[in-house]
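K.L.:
My structure is below; once you've seen it, I'll send some questions.
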Amino acid sequence: MLADLTAGALEDARTREAVRPLADVERAALARPAALPALAHLAPAERVRIIAEVKRASPSRGDLADIPDPAHLASLYERGGASAISVLTEQRRFKGSLADLESVRAAVSLPVLRKDFVSTEYQVFEARAAGADIVLLIVAALDQPVLERLLHLIEQLGMTALVETHSLEELHRAADIGARLVGVNARDLSTFQLDRDLFGRLRDSIPADAIAVAESAVLAPADVAHYRAAGADVVLIGEALVTGDPVATLTTFLEAGS
């Protein structure tokens, strides 16, 4: 599944590149105002930080919400106390787009994450050109030289990489490239099985100077409390927010993670 998603995202990026060459996207990226300092917004605090996600669908759950106005939803997330906004831009299985990211960037003052299956420099420049402050890099989808090269490009453009892992070996790879924002995804993107306790088992292996992000398997306040007790600085939440009242849900989740 992960290989298929990454290959599909790459094919779509190449289609866009045929219309908008790399040189044009690079110029647009460099013309953007400076990216927001995501690490400062997500720094450890007395209560958990939340990255709230704009997410219409997923391969495991199918359609979740129409979200006709991503900017409005993101504004509600900001009002509810989110520390950053994640926007799915993968179009085939998650029904997202770069236009969603651009509209969200214009609507909020929080850092915005491009959540996609990024494997090329073109996609990184696209992210900055659209206004992203954070770019997801999935360790399992990238060999080490590519992972390191993309992280360095993200940082050169003033953005932050969220380096996502699923195992101890992948955490070591993230540490080797100096990742400062490290996620542990409870969902295995090869099988799509969930293991909510994976974060807790791996927490002590996240570099001490990195911000620890727990991803997936959050449907109720108890899940946030579980991750917080296991040492999460940040929790990334999607489905639970798009299928309910975003402000009220964020309020209860933040209270649970205090």
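Please note that chains go A, B, ... in the order of the structure tokens, that every chain numbers its residues from 1, and that ligands are numbered from 1 in the order shown.
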Just list as a list of chain:residue names whatever in segment 187-230 of chain A DSSP marks as helix (DSSP H, G or I).

P.N.:
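Filtering segment 187-230 of chain A down to helix (DSSP H, G or I) leaves A:Leu198, A:Phe199, A:Gly200, A:Arg201, A:Leu202, A:Arg203, A:Asp204, A:Ser205, A:Pro221, A:Ala222, A:Asp223, A:Val224, A:Ala225, A:His226, A:Tyr227, A:Arg228, A:Ala229.
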
K.L.:
Do a neighbour search on Ala174 of chain A at 8 Å with only C-alpha atoms, toss out local chain neighbours closer than 3 positions, and write the hits as a ChimeraX atom specification.

P.N.:
/A:139,163,165,170-171,177-179,182

K.L.:
Report as a ChimeraX atom specification all protein, DNA and RNA residues lying within 10 Å of Asp63 of chain A, evaluated on only C-alpha atoms, omitting residues in the same chain fewer than 4 positions from it.

P.N.:
/A:55-59,93-95

K.L.:
Atom CA of Ser103 of chain A and atom CA of Arg149 of chain A are how many Å apart?

P.N.:
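Between atom CA of Ser103 of chain A and atom CA of Arg149 of chain A the gap works out to 28.4 Å.
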
K.L.:
Can you tell me which residues surround Val213 of chain A at a distance of at most 10 Å, considering only C-alpha atoms, apart from same-chain residues fewer than 3 positions away, and format the answer as number ranges by chain?

P.N.:
A: 42, 48-51, 162-164, 181-185, 199, 203, 206, 210, 227-228, 231-236

K.L.:
DSSP on the backbone: what in segment 1-248 of chain A comes out strand (DSSP E or B), as an NGL selection string?

P.N.:
:A and (49-54 or 57-58 or 62-63 or 84-88 or 112-115 or 134-138 or 160-165 or 181-185 or 187 or 194 or 211-215 or 234-237)

K.L.:
Neighbouring residues of segment 112-127 of chain A were defined as those with any atom within 8 Å, considering only C-alpha atoms; residues of the same chain fewer than 3 positions away were excluded. Please report them as a PyMOL selection string.

P.N.:
chain A and resi 5-6+9-10+13+17+22+25-26+29+84-90+98+101+104-105+130-138+141-142+146+150+153-154

K.L.:
May I have the residues from that selection written out with C-alpha atoms, as a PDB file, in the first residue's frame?

P.N.:
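See out-v4.pdb below for the written result:
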```pdb
ATOM      1  CA  LEU A   5       0.658   5.512  -2.610  1.00  0.00           C
ATOM      2  CA  THR A   6       4.193   6.813  -3.081  1.00  0.00           C
ATOM      3  CA  ALA A   9       1.933  10.638  -5.724  1.00  0.00           C
ATOM      4  CA  LEU A  10       5.110  10.668  -7.807  1.00  0.00           C
ATOM      5  CA  ALA A  13       3.743  15.215  -9.397  1.00  0.00           C
ATOM      6  CA  GLU A  17       5.661  19.206 -13.538  1.00  0.00           C
ATOM      7  CA  LEU A  22      10.630  22.854 -11.659  1.00  0.00           C
ATOM      8  CA  VAL A  25       7.930  26.177  -8.895  1.00  0.00           C
ATOM      9  CA  GLU A  26      11.343  26.939  -7.433  1.00  0.00           C
ATOM     10  CA  ALA A  29       8.864  28.835  -3.501  1.00  0.00           C
ATOM     11  CA  ALA A  84      -0.513  23.477  13.657  1.00  0.00           C
ATOM     12  CA  ILE A  85      -2.678  22.373  10.737  1.00  0.00           C
ATOM     13  CA  SER A  86      -2.037  19.283   8.621  1.00  0.00           C
ATOM     14  CA  VAL A  87      -3.437  19.241   5.089  1.00  0.00           C
ATOM     15  CA  LEU A  88      -3.642  16.028   3.061  1.00  0.00           C
ATOM     16  CA  THR A  89      -2.635  16.915  -0.494  1.00  0.00           C
ATOM     17  CA  GLU A  90      -2.629  13.382  -1.956  1.00  0.00           C
ATOM     18  CA  LEU A  98      -2.309  21.659  -3.100  1.00  0.00           C
ATOM     19  CA  LEU A 101      -3.102  23.751   1.365  1.00  0.00           C
ATOM     20  CA  VAL A 104      -5.581  26.923   4.540  1.00  0.00           C
ATOM     21  CA  ARG A 105      -2.308  28.858   4.521  1.00  0.00           C
ATOM     22  CA  ALA A 130       1.914  26.541  -1.733  1.00  0.00           C
ATOM     23  CA  GLY A 131       2.815  27.965   1.681  1.00  0.00           C
ATOM     24  CA  ALA A 132       3.754  24.877   3.680  1.00  0.00           C
ATOM     25  CA  ASP A 133       5.884  25.310   6.790  1.00  0.00           C
ATOM     26  CA  ILE A 134       6.285  21.572   7.476  1.00  0.00           C
ATOM     27  CA  VAL A 135       6.719  18.670   5.037  1.00  0.00           C
ATOM     28  CA  LEU A 136       6.105  15.020   5.869  1.00  0.00           C
ATOM     29  CA  LEU A 137       8.890  12.555   5.086  1.00  0.00           C
ATOM     30  CA  ILE A 138       8.020   8.872   5.589  1.00  0.00           C
ATOM     31  CA  ALA A 141       9.087   5.108   1.719  1.00  0.00           C
ATOM     32  CA  LEU A 142      12.587   6.520   1.144  1.00  0.00           C
ATOM     33  CA  VAL A 146      17.027  10.429  -0.520  1.00  0.00           C
ATOM     34  CA  LEU A 150      15.067  15.903   1.090  1.00  0.00           C
ATOM     35  CA  LEU A 153      16.320  20.792   1.128  1.00  0.00           C
ATOM     36  CA  ILE A 154      13.313  21.290   3.402  1.00  0.00           C
TER      37      ILE A 154
END
```

K.L.:
Find, counting only C-alpha atoms, the residue in A:Gln193, A:Pro37, A:Thr249, A:Arg92 that gets nearest to Gly62 of chain A.

P.N.:
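Of A:Gln193, A:Pro37, A:Thr249, A:Arg92, the one nearest Gly62 of chain A is A:Arg92, counting only C-alpha atoms.
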
K.L.:
Using only C-alpha atoms for the distances, tell me which of A:Ser75, A:Thr15, A:Ser60, A:Ser205 is nearest to Val247 of chain A.

P.N.:
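Selected residue with least distance to Val247 of chain A: A:Ser75.
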
K.L.:
Would you please work out which residue, of A:Ala248, A:Ala256, A:Leu168, A:Val224, is nearest to Tyr77 of chain A when using only C-alpha atoms?

P.N.:
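Of the candidates, the smallest distance to Tyr77 of chain A is held by A:Ala248.
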
K.L.:
For Asp223 of chain A, which residue out of A:Asp195, A:Asp100, A:Glu46, A:Asp4 is the nearest one, using only C-alpha atoms?

P.N.:
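For Asp223 of chain A, the nearest of the given residues is A:Asp195.
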
K.L.:
Would you list the contacts of Gly238 of chain A as JSON, numbers by chain, taking every protein, DNA or RNA residue within 6 Å and counting only C-alpha atoms, but skipping same-chain residues closer than 2 positions in sequence?

P.N.:
{"A": [53, 240, 241]}

K.L.:
What is the distance, in Å and to one decimal place, between atom CA of His152 of chain A and atom CA of Leu2 of chain A?

P.N.:
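One can read the atom CA of His152 of chain A to atom CA of Leu2 of chain A distance as 23.0 Å.
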
K.L.:
Tell me, in Å to one decimal, how far atom CA of Gly96 of chain A is from atom CA of Met1 of chain A.

P.N.:
17.7 Å
